[in-house]
Amino acid sequence: MSDDLNNLYRDILMEHYKFPRGRKKLEHADIHNEGQNPSCGDELEMELQLDGDKIKDIYVSCVGCAVSVASGSMLADTIKGKTLAEVKKIAAVIRGMLKGEDVPDNIDLGDLESLRGVKKFPVRIKCALLSWTTLIDALAAREQGAEIRTSTTE
Ligand code: ZN
C-alpha cells in the first residue's frame with residue numbers, strides 16, 4: 001500500500017474520530033445492545049430504530065480508541081436507511097476485509113474503505129470490529145427473540 005493511500009485512510013479515520021456520526025440519542029429504540037473490547041478498553045452502546053425491515057435511525061456511542069470510535073461512526077453513517085439484509089451483508093464484508101479477505105467488486109464501502117489499513121495491526125482489528133459485532137449480535141438476538149448479553153470482541 002502506498003504512503004499516500006495510508007495517509008488518506010488515516011485522515012478519513014481521524015475525521016470520524018473527531019466528529020463521530022450517530023451521536024444523537026433516539027426517542028424510540030427497537031433494539032439496544034452494548035459491546036466491549038476488553039483488550040483495548042473500548043466500550044460501545046448502540047440503539048436502532050426500525051421501520052419495517054429498514055434501519056430508520058441509529059445511535060452509537062463509543063468510548064475508546066480512535067479506531068473503535070471511527071468504525072462505529074462509519075457504521076452509523078453506512079447502515080442508516082438500509083434494509084436488515086443489506087446491513088448483514090455489509091457487516092459480513094467488513095469482517096472478512098479485516099481478516100484479510102477480498103472485498104467483492106460490487107460492494108461500495110465508502111469511508112469504510114479506510115478500515116482496510118487496520119488489518120496490518122492485529123491488536124486493532126478487534127477495535128474496528130467492536131461496533132459491527134455489537135450490531136450483528138443485536139440483530140441475531142432479535143431474530144431469535146432472545147435476550148442479549150453484552151457483546152464482546154474477545
Ligand atoms: Zn481500541
# chains A, B, ... in the order shown; residues from 1 in each chain; ligands from 1
>>> residues_near_ligand(ligand="ligand 1", cutoff="12 Å", atoms="only C-alpha atoms and all ligand atoms", output="count of residues only")
36
>>> residues_around(residues="range 87-94 of chain A", least_positions_apart="2", cutoff="10 Å", atoms="only C-alpha atoms", output="PDB file with all heavy atoms, in the first residue's frame")
ATOM      1  N   LYS A  54     -36.207  -1.956   7.603  1.00  0.00           N
ATOM      2  CA  LYS A  54     -35.139  -0.968   7.371  1.00  0.00           C
ATOM      3  C   LYS A  54     -34.660  -0.333   8.672  1.00  0.00           C
ATOM      4  O   LYS A  54     -35.421  -0.201   9.627  1.00  0.00           O
ATOM      5  CB  LYS A  54     -35.649   0.168   6.466  1.00  0.00           C
ATOM      6  CG  LYS A  54     -35.573  -0.156   5.003  1.00  0.00           C
ATOM      7  CD  LYS A  54     -35.668   1.120   4.178  1.00  0.00           C
ATOM      8  CE  LYS A  54     -35.443   0.804   2.710  1.00  0.00           C
ATOM      9  NZ  LYS A  54     -36.348   1.501   1.820  1.00  0.00           N
ATOM     10  N   ILE A  55     -33.402   0.071   8.663  1.00  0.00           N
ATOM     11  CA  ILE A  55     -32.869   0.828   9.798  1.00  0.00           C
ATOM     12  C   ILE A  55     -33.286   2.282   9.603  1.00  0.00           C
ATOM     13  O   ILE A  55     -32.774   2.966   8.718  1.00  0.00           O
ATOM     14  CB  ILE A  55     -31.321   0.755   9.850  1.00  0.00           C
ATOM     15  CG1 ILE A  55     -30.820  -0.685   9.818  1.00  0.00           C
ATOM     16  CG2 ILE A  55     -30.793   1.552  11.045  1.00  0.00           C
ATOM     17  CD1 ILE A  55     -30.805  -1.407  11.118  1.00  0.00           C
ATOM     18  N   LEU A  75     -20.081   3.021  10.755  1.00  0.00           N
ATOM     19  CA  LEU A  75     -21.207   2.087  10.783  1.00  0.00           C
ATOM     20  C   LEU A  75     -22.523   2.875  10.796  1.00  0.00           C
ATOM     21  O   LEU A  75     -23.437   2.587  10.019  1.00  0.00           O
ATOM     22  CB  LEU A  75     -21.095   1.183  12.009  1.00  0.00           C
ATOM     23  CG  LEU A  75     -22.232   0.174  12.253  1.00  0.00           C
ATOM     24  CD1 LEU A  75     -21.680  -1.106  12.863  1.00  0.00           C
ATOM     25  CD2 LEU A  75     -23.305   0.741  13.145  1.00  0.00           C
ATOM     26  N   THR A  78     -23.204   4.395   7.483  1.00  0.00           N
ATOM     27  CA  THR A  78     -23.417   3.432   6.406  1.00  0.00           C
ATOM     28  C   THR A  78     -24.771   2.740   6.476  1.00  0.00           C
ATOM     29  O   THR A  78     -25.426   2.555   5.445  1.00  0.00           O
ATOM     30  CB  THR A  78     -22.312   2.347   6.446  1.00  0.00           C
ATOM     31  OG1 THR A  78     -21.037   2.994   6.400  1.00  0.00           O
ATOM     32  CG2 THR A  78     -22.436   1.393   5.263  1.00  0.00           C
ATOM     33  N   ILE A  79     -25.205   2.355   7.677  1.00  0.00           N
ATOM     34  CA  ILE A  79     -26.364   1.462   7.719  1.00  0.00           C
ATOM     35  C   ILE A  79     -27.705   2.189   7.800  1.00  0.00           C
ATOM     36  O   ILE A  79     -28.736   1.580   7.600  1.00  0.00           O
ATOM     37  CB  ILE A  79     -26.270   0.429   8.867  1.00  0.00           C
ATOM     38  CG1 ILE A  79     -26.481   1.088  10.229  1.00  0.00           C
ATOM     39  CG2 ILE A  79     -24.942  -0.318   8.821  1.00  0.00           C
ATOM     40  CD1 ILE A  79     -26.711   0.051  11.329  1.00  0.00           C
ATOM     41  N   LYS A  80     -27.683   3.482   8.088  1.00  0.00           N
ATOM     42  CA  LYS A  80     -28.945   4.218   8.183  1.00  0.00           C
ATOM     43  C   LYS A  80     -29.681   4.179   6.836  1.00  0.00           C
ATOM     44  O   LYS A  80     -29.104   4.500   5.805  1.00  0.00           O
ATOM     45  CB  LYS A  80     -28.665   5.661   8.598  1.00  0.00           C
ATOM     46  CG  LYS A  80     -29.894   6.389   9.068  1.00  0.00           C
ATOM     47  CD  LYS A  80     -29.525   7.709   9.707  1.00  0.00           C
ATOM     48  CE  LYS A  80     -30.764   8.561   9.884  1.00  0.00           C
ATOM     49  NZ  LYS A  80     -30.500   9.817  10.560  1.00  0.00           N
ATOM     50  N   GLY A  81     -30.945   3.758   6.879  1.00  0.00           N
ATOM     51  CA  GLY A  81     -31.745   3.704   5.653  1.00  0.00           C
ATOM     52  C   GLY A  81     -31.639   2.390   4.901  1.00  0.00           C
ATOM     53  O   GLY A  81     -32.369   2.164   3.946  1.00  0.00           O
ATOM     54  N   LYS A  82     -30.715   1.529   5.326  1.00  0.00           N
ATOM     55  CA  LYS A  82     -30.548   0.250   4.627  1.00  0.00           C
ATOM     56  C   LYS A  82     -31.470  -0.827   5.228  1.00  0.00           C
ATOM     57  O   LYS A  82     -31.901  -0.725   6.368  1.00  0.00           O
ATOM     58  CB  LYS A  82     -29.095  -0.202   4.704  1.00  0.00           C
ATOM     59  CG  LYS A  82     -28.146   0.716   3.932  1.00  0.00           C
ATOM     60  CD  LYS A  82     -27.030  -0.075   3.310  1.00  0.00           C
ATOM     61  CE  LYS A  82     -26.265   0.702   2.252  1.00  0.00           C
ATOM     62  NZ  LYS A  82     -25.922   2.081   2.549  1.00  0.00           N
ATOM     63  N   THR A  83     -31.718  -1.864   4.434  1.00  0.00           N
ATOM     64  CA  THR A  83     -32.512  -2.977   4.952  1.00  0.00           C
ATOM     65  C   THR A  83     -31.631  -3.857   5.825  1.00  0.00           C
ATOM     66  O   THR A  83     -30.397  -3.831   5.716  1.00  0.00           O
ATOM     67  CB  THR A  83     -33.080  -3.846   3.810  1.00  0.00           C
ATOM     68  OG1 THR A  83     -31.987  -4.482   3.141  1.00  0.00           O
ATOM     69  CG2 THR A  83     -33.887  -3.025   2.825  1.00  0.00           C
ATOM     70  N   LEU A  84     -32.278  -4.661   6.671  1.00  0.00           N
ATOM     71  CA  LEU A  84     -31.513  -5.549   7.551  1.00  0.00           C
ATOM     72  C   LEU A  84     -30.674  -6.529   6.738  1.00  0.00           C
ATOM     73  O   LEU A  84     -29.544  -6.856   7.121  1.00  0.00           O
ATOM     74  CB  LEU A  84     -32.465  -6.307   8.489  1.00  0.00           C
ATOM     75  CG  LEU A  84     -33.251  -5.423   9.460  1.00  0.00           C
ATOM     76  CD1 LEU A  84     -34.161  -6.268  10.326  1.00  0.00           C
ATOM     77  CD2 LEU A  84     -32.322  -4.576  10.324  1.00  0.00           C
ATOM     78  N   ALA A  85     -31.214  -6.986   5.593  1.00  0.00           N
ATOM     79  CA  ALA A  85     -30.446  -7.912   4.751  1.00  0.00           C
ATOM     80  C   ALA A  85     -29.188  -7.238   4.205  1.00  0.00           C
ATOM     81  O   ALA A  85     -28.100  -7.827   4.209  1.00  0.00           O
ATOM     82  CB  ALA A  85     -31.319  -8.413   3.603  1.00  0.00           C
ATOM     83  N   GLY A  96     -14.886  -9.831   6.918  1.00  0.00           N
ATOM     84  CA  GLY A  96     -13.973 -10.534   6.015  1.00  0.00           C
ATOM     85  C   GLY A  96     -12.772  -9.670   5.648  1.00  0.00           C
ATOM     86  O   GLY A  96     -11.624 -10.114   5.676  1.00  0.00           O
ATOM     87  N   MET A  97     -13.046  -8.403   5.351  1.00  0.00           N
ATOM     88  CA  MET A  97     -11.979  -7.481   4.956  1.00  0.00           C
ATOM     89  C   MET A  97     -10.934  -7.354   6.059  1.00  0.00           C
ATOM     90  O   MET A  97      -9.736  -7.344   5.808  1.00  0.00           O
ATOM     91  CB  MET A  97     -12.588  -6.109   4.645  1.00  0.00           C
ATOM     92  CG  MET A  97     -11.590  -5.051   4.239  1.00  0.00           C
ATOM     93  SD  MET A  97     -12.426  -3.487   3.845  1.00  0.00           S
ATOM     94  CE  MET A  97     -12.548  -2.753   5.480  1.00  0.00           C
ATOM     95  N   LEU A  98     -11.409  -7.276   7.306  1.00  0.00           N
ATOM     96  CA  LEU A  98     -10.480  -7.112   8.427  1.00  0.00           C
ATOM     97  C   LEU A  98      -9.665  -8.387   8.676  1.00  0.00           C
ATOM     98  O   LEU A  98      -8.624  -8.348   9.320  1.00  0.00           O
ATOM     99  CB  LEU A  98     -11.242  -6.707   9.692  1.00  0.00           C
ATOM    100  CG  LEU A  98     -11.774  -5.268   9.657  1.00  0.00           C
ATOM    101  CD1 LEU A  98     -12.769  -5.032  10.782  1.00  0.00           C
ATOM    102  CD2 LEU A  98     -10.628  -4.265   9.750  1.00  0.00           C
ATOM    103  N   LYS A  99     -10.179  -9.504   8.171  1.00  0.00           N
ATOM    104  CA  LYS A  99      -9.426 -10.752   8.295  1.00  0.00           C
ATOM    105  C   LYS A  99      -8.557 -10.984   7.065  1.00  0.00           C
ATOM    106  O   LYS A  99      -7.968 -12.054   6.914  1.00  0.00           O
ATOM    107  CB  LYS A  99     -10.385 -11.925   8.475  1.00  0.00           C
ATOM    108  CG  LYS A  99     -11.026 -11.948   9.844  1.00  0.00           C
ATOM    109  CD  LYS A  99     -12.053 -13.068   9.937  1.00  0.00           C
ATOM    110  CE  LYS A  99     -12.838 -12.938  11.232  1.00  0.00           C
ATOM    111  NZ  LYS A  99     -14.138 -13.611  11.130  1.00  0.00           N
ATOM    112  N   GLY A 100      -8.546  -9.993   6.157  1.00  0.00           N
ATOM    113  CA  GLY A 100      -7.666 -10.091   5.001  1.00  0.00           C
ATOM    114  C   GLY A 100      -8.292 -10.703   3.769  1.00  0.00           C
ATOM    115  O   GLY A 100      -7.610 -10.981   2.786  1.00  0.00           O
ATOM    116  N   GLU A 101      -9.634 -10.894   3.804  1.00  0.00           N
ATOM    117  CA  GLU A 101     -10.296 -11.446   2.622  1.00  0.00           C
ATOM    118  C   GLU A 101     -10.567 -10.335   1.600  1.00  0.00           C
ATOM    119  O   GLU A 101     -10.636  -9.167   1.948  1.00  0.00           O
ATOM    120  CB  GLU A 101     -11.637 -12.092   3.033  1.00  0.00           C
ATOM    121  CG  GLU A 101     -11.466 -13.312   3.904  1.00  0.00           C
ATOM    122  CD  GLU A 101     -12.785 -13.734   4.572  1.00  0.00           C
ATOM    123  OE1 GLU A 101     -13.843 -13.259   4.146  1.00  0.00           O
ATOM    124  OE2 GLU A 101     -12.713 -14.517   5.536  1.00  0.00           O
ATOM    125  N   ASP A 102     -10.761 -10.735   0.356  1.00  0.00           N
ATOM    126  CA  ASP A 102     -11.055  -9.764  -0.697  1.00  0.00           C
ATOM    127  C   ASP A 102     -12.473  -9.216  -0.543  1.00  0.00           C
ATOM    128  O   ASP A 102     -13.375  -9.923  -0.098  1.00  0.00           O
ATOM    129  CB  ASP A 102     -10.938 -10.414  -2.076  1.00  0.00           C
ATOM    130  CG  ASP A 102      -9.479 -10.678  -2.416  1.00  0.00           C
ATOM    131  OD1 ASP A 102      -8.606  -9.969  -1.862  1.00  0.00           O
ATOM    132  OD2 ASP A 102      -9.222 -11.590  -3.206  1.00  0.00           O
ATOM    133  N   VAL A 103     -12.619  -7.946  -0.925  1.00  0.00           N
ATOM    134  CA  VAL A 103     -13.943  -7.332  -0.918  1.00  0.00           C
ATOM    135  C   VAL A 103     -14.563  -7.516  -2.303  1.00  0.00           C
ATOM    136  O   VAL A 103     -13.921  -7.212  -3.306  1.00  0.00           O
ATOM    137  CB  VAL A 103     -13.835  -5.820  -0.595  1.00  0.00           C
ATOM    138  CG1 VAL A 103     -15.178  -5.137  -0.737  1.00  0.00           C
ATOM    139  CG2 VAL A 103     -13.277  -5.627   0.807  1.00  0.00           C
ATOM    140  N   PRO A 104     -15.796  -8.030  -2.377  1.00  0.00           N
ATOM    141  CA  PRO A 104     -16.435  -8.214  -3.697  1.00  0.00           C
ATOM    142  C   PRO A 104     -16.496  -6.886  -4.459  1.00  0.00           C
ATOM    143  O   PRO A 104     -16.698  -5.827  -3.854  1.00  0.00           O
ATOM    144  CB  PRO A 104     -17.853  -8.689  -3.331  1.00  0.00           C
ATOM    145  CG  PRO A 104     -17.766  -9.181  -1.925  1.00  0.00           C
ATOM    146  CD  PRO A 104     -16.661  -8.439  -1.267  1.00  0.00           C
ATOM    147  N   ILE A 107     -19.433  -4.169  -4.150  1.00  0.00           N
ATOM    148  CA  ILE A 107     -19.726  -3.529  -2.867  1.00  0.00           C
ATOM    149  C   ILE A 107     -18.990  -2.188  -2.785  1.00  0.00           C
ATOM    150  O   ILE A 107     -17.769  -2.136  -2.932  1.00  0.00           O
ATOM    151  CB  ILE A 107     -19.254  -4.416  -1.683  1.00  0.00           C
ATOM    152  CG1 ILE A 107     -19.955  -5.771  -1.712  1.00  0.00           C
ATOM    153  CG2 ILE A 107     -19.443  -3.703  -0.361  1.00  0.00           C
ATOM    154  CD1 ILE A 107     -21.263  -5.829  -0.965  1.00  0.00           C
ATOM    155  N   ASP A 108     -19.763  -1.125  -2.564  1.00  0.00           N
ATOM    156  CA  ASP A 108     -19.157   0.192  -2.402  1.00  0.00           C
ATOM    157  C   ASP A 108     -19.043   0.489  -0.907  1.00  0.00           C
ATOM    158  O   ASP A 108     -20.043   0.671  -0.226  1.00  0.00           O
ATOM    159  CB  ASP A 108     -20.015   1.255  -3.094  1.00  0.00           C
ATOM    160  CG  ASP A 108     -19.454   2.650  -2.873  1.00  0.00           C
ATOM    161  OD1 ASP A 108     -18.265   2.762  -2.502  1.00  0.00           O
ATOM    162  OD2 ASP A 108     -20.202   3.626  -3.061  1.00  0.00           O
ATOM    163  N   LEU A 109     -17.816   0.532  -0.429  1.00  0.00           N
ATOM    164  CA  LEU A 109     -17.615   0.663   1.013  1.00  0.00           C
ATOM    165  C   LEU A 109     -17.588   2.115   1.494  1.00  0.00           C
ATOM    166  O   LEU A 109     -17.689   2.373   2.686  1.00  0.00           O
ATOM    167  CB  LEU A 109     -16.309  -0.014   1.421  1.00  0.00           C
ATOM    168  CG  LEU A 109     -16.298  -1.539   1.339  1.00  0.00           C
ATOM    169  CD1 LEU A 109     -14.918  -2.055   1.687  1.00  0.00           C
ATOM    170  CD2 LEU A 109     -17.339  -2.146   2.261  1.00  0.00           C
ATOM    171  N   LEU A 112     -15.734   3.338   4.759  1.00  0.00           N
ATOM    172  CA  LEU A 112     -15.324   2.086   5.413  1.00  0.00           C
ATOM    173  C   LEU A 112     -14.050   1.513   4.784  1.00  0.00           C
ATOM    174  O   LEU A 112     -13.335   0.725   5.397  1.00  0.00           O
ATOM    175  CB  LEU A 112     -16.432   1.041   5.324  1.00  0.00           C
ATOM    176  CG  LEU A 112     -17.659   1.309   6.197  1.00  0.00           C
ATOM    177  CD1 LEU A 112     -18.798   0.402   5.792  1.00  0.00           C
ATOM    178  CD2 LEU A 112     -17.295   1.095   7.658  1.00  0.00           C
ATOM    179  N   GLU A 113     -13.812   1.938   3.555  1.00  0.00           N
ATOM    180  CA  GLU A 113     -12.584   1.551   2.850  1.00  0.00           C
ATOM    181  C   GLU A 113     -11.352   1.849   3.719  1.00  0.00           C
ATOM    182  O   GLU A 113     -10.366   1.133   3.689  1.00  0.00           O
ATOM    183  CB  GLU A 113     -12.515   2.379   1.568  1.00  0.00           C
ATOM    184  CG  GLU A 113     -11.516   1.931   0.542  1.00  0.00           C
ATOM    185  CD  GLU A 113     -12.035   0.755  -0.279  1.00  0.00           C
ATOM    186  OE1 GLU A 113     -13.237   0.717  -0.583  1.00  0.00           O
ATOM    187  OE2 GLU A 113     -11.212  -0.099  -0.585  1.00  0.00           O
ATOM    188  N   LEU A 115     -10.892   1.390   6.720  1.00  0.00           N
ATOM    189  CA  LEU A 115     -10.594   0.367   7.735  1.00  0.00           C
ATOM    190  C   LEU A 115      -9.696  -0.737   7.178  1.00  0.00           C
ATOM    191  O   LEU A 115      -9.179  -1.572   7.915  1.00  0.00           O
ATOM    192  CB  LEU A 115     -11.879  -0.258   8.273  1.00  0.00           C
ATOM    193  CG  LEU A 115     -12.810   0.665   9.083  1.00  0.00           C
ATOM    194  CD1 LEU A 115     -14.059  -0.097   9.492  1.00  0.00           C
ATOM    195  CD2 LEU A 115     -12.101   1.199  10.327  1.00  0.00           C
ATOM    196  N   ARG A 116      -9.520  -0.722   5.859  1.00  0.00           N
ATOM    197  CA  ARG A 116      -8.653  -1.710   5.233  1.00  0.00           C
ATOM    198  C   ARG A 116      -7.266  -1.742   5.860  1.00  0.00           C
ATOM    199  O   ARG A 116      -6.672  -2.803   6.021  1.00  0.00           O
ATOM    200  CB  ARG A 116      -8.450  -1.345   3.760  1.00  0.00           C
ATOM    201  CG  ARG A 116      -9.173  -2.198   2.786  1.00  0.00           C
ATOM    202  CD  ARG A 116      -8.823  -1.674   1.396  1.00  0.00           C
ATOM    203  NE  ARG A 116      -9.933  -1.784   0.481  1.00  0.00           N
ATOM    204  CZ  ARG A 116     -10.214  -2.894  -0.206  1.00  0.00           C
ATOM    205  NH1 ARG A 116      -9.449  -3.947  -0.107  1.00  0.00           N
ATOM    206  NH2 ARG A 116     -11.245  -2.931  -1.007  1.00  0.00           N
ATOM    207  N   ALA A 128     -11.763  -2.288  15.514  1.00  0.00           N
ATOM    208  CA  ALA A 128     -12.557  -1.979  14.317  1.00  0.00           C
ATOM    209  C   ALA A 128     -13.811  -2.842  14.259  1.00  0.00           C
ATOM    210  O   ALA A 128     -14.835  -2.431  13.722  1.00  0.00           O
ATOM    211  CB  ALA A 128     -11.710  -2.190  13.068  1.00  0.00           C
ATOM    212  N   LEU A 129     -13.737  -4.043  14.827  1.00  0.00           N
ATOM    213  CA  LEU A 129     -14.859  -4.974  14.768  1.00  0.00           C
ATOM    214  C   LEU A 129     -15.930  -4.717  15.821  1.00  0.00           C
ATOM    215  O   LEU A 129     -17.059  -5.182  15.683  1.00  0.00           O
ATOM    216  CB  LEU A 129     -14.360  -6.412  14.951  1.00  0.00           C
ATOM    217  CG  LEU A 129     -13.855  -7.131  13.713  1.00  0.00           C
ATOM    218  CD1 LEU A 129     -13.282  -8.486  14.111  1.00  0.00           C
ATOM    219  CD2 LEU A 129     -14.968  -7.314  12.692  1.00  0.00           C
ATOM    220  N   SER A 131     -18.021  -2.351  16.885  1.00  0.00           N
ATOM    221  CA  SER A 131     -19.363  -1.859  16.545  1.00  0.00           C
ATOM    222  C   SER A 131     -20.106  -2.866  15.658  1.00  0.00           C
ATOM    223  O   SER A 131     -21.320  -3.049  15.795  1.00  0.00           O
ATOM    224  CB  SER A 131     -19.276  -0.499  15.846  1.00  0.00           C
ATOM    225  OG  SER A 131     -18.392  -0.545  14.754  1.00  0.00           O
ATOM    226  N   TRP A 132     -19.374  -3.540  14.781  1.00  0.00           N
ATOM    227  CA  TRP A 132     -20.003  -4.497  13.858  1.00  0.00           C
ATOM    228  C   TRP A 132     -20.470  -5.743  14.602  1.00  0.00           C
ATOM    229  O   TRP A 132     -21.546  -6.268  14.339  1.00  0.00           O
ATOM    230  CB  TRP A 132     -19.038  -4.848  12.724  1.00  0.00           C
ATOM    231  CG  TRP A 132     -18.733  -3.627  11.922  1.00  0.00           C
ATOM    232  CD1 TRP A 132     -17.686  -2.760  12.109  1.00  0.00           C
ATOM    233  CD2 TRP A 132     -19.531  -3.060  10.876  1.00  0.00           C
ATOM    234  NE1 TRP A 132     -17.796  -1.709  11.233  1.00  0.00           N
ATOM    235  CE2 TRP A 132     -18.904  -1.872  10.469  1.00  0.00           C
ATOM    236  CE3 TRP A 132     -20.720  -3.455  10.253  1.00  0.00           C
ATOM    237  CZ2 TRP A 132     -19.430  -1.062   9.460  1.00  0.00           C
ATOM    238  CZ3 TRP A 132     -21.236  -2.663   9.249  1.00  0.00           C
ATOM    239  CH2 TRP A 132     -20.594  -1.471   8.856  1.00  0.00           C
ATOM    240  N   THR A 133     -19.650  -6.204  15.538  1.00  0.00           N
ATOM    241  CA  THR A 133     -20.036  -7.365  16.347  1.00  0.00           C
ATOM    242  C   THR A 133     -21.265  -7.039  17.198  1.00  0.00           C
ATOM    243  O   THR A 133     -22.195  -7.843  17.310  1.00  0.00           O
ATOM    244  CB  THR A 133     -18.861  -7.774  17.264  1.00  0.00           C
ATOM    245  OG1 THR A 133     -17.724  -8.029  16.445  1.00  0.00           O
ATOM    246  CG2 THR A 133     -19.181  -9.019  18.066  1.00  0.00           C
ATOM    247  N   LEU A 135     -23.556  -4.875  16.554  1.00  0.00           N
ATOM    248  CA  LEU A 135     -24.703  -4.791  15.640  1.00  0.00           C
ATOM    249  C   LEU A 135     -25.199  -6.184  15.239  1.00  0.00           C
ATOM    250  O   LEU A 135     -26.405  -6.471  15.304  1.00  0.00           O
ATOM    251  CB  LEU A 135     -24.285  -4.005  14.389  1.00  0.00           C
ATOM    252  CG  LEU A 135     -25.288  -3.973  13.237  1.00  0.00           C
ATOM    253  CD1 LEU A 135     -26.497  -3.115  13.606  1.00  0.00           C
ATOM    254  CD2 LEU A 135     -24.635  -3.436  11.966  1.00  0.00           C
ATOM    255  N   ILE A 136     -24.275  -7.032  14.822  1.00  0.00           N
ATOM    256  CA  ILE A 136     -24.641  -8.374  14.349  1.00  0.00           C
ATOM    257  C   ILE A 136     -25.308  -9.168  15.470  1.00  0.00           C
ATOM    258  O   ILE A 136     -26.330  -9.824  15.262  1.00  0.00           O
ATOM    259  CB  ILE A 136     -23.392  -9.114  13.819  1.00  0.00           C
ATOM    260  CG1 ILE A 136     -22.928  -8.463  12.512  1.00  0.00           C
ATOM    261  CG2 ILE A 136     -23.696 -10.597  13.590  1.00  0.00           C
ATOM    262  CD1 ILE A 136     -21.532  -8.878  12.086  1.00  0.00           C
ATOM    263  N   LEU A 139     -28.890  -7.894  16.049  1.00  0.00           N
ATOM    264  CA  LEU A 139     -29.826  -8.328  15.010  1.00  0.00           C
ATOM    265  C   LEU A 139     -30.129  -9.820  15.139  1.00  0.00           C
ATOM    266  O   LEU A 139     -31.277 -10.246  14.995  1.00  0.00           O
ATOM    267  CB  LEU A 139     -29.264  -8.023  13.612  1.00  0.00           C
ATOM    268  CG  LEU A 139     -29.081  -6.536  13.274  1.00  0.00           C
ATOM    269  CD1 LEU A 139     -28.523  -6.383  11.869  1.00  0.00           C
ATOM    270  CD2 LEU A 139     -30.378  -5.764  13.424  1.00  0.00           C
ATOM    271  N   ALA A 140     -29.097 -10.600  15.440  1.00  0.00           N
ATOM    272  CA  ALA A 140     -29.290 -12.047  15.580  1.00  0.00           C
ATOM    273  C   ALA A 140     -30.187 -12.349  16.771  1.00  0.00           C
ATOM    274  O   ALA A 140     -31.087 -13.187  16.693  1.00  0.00           O
ATOM    275  CB  ALA A 140     -27.935 -12.742  15.741  1.00  0.00           C
TER     276      ALA A 140
END
>>> closest_residue(among="A:Asp53, A:Glu47, A:Leu26, A:Glu34", to="Glu143 in chain A", atoms="only C-alpha atoms")
A:Asp53
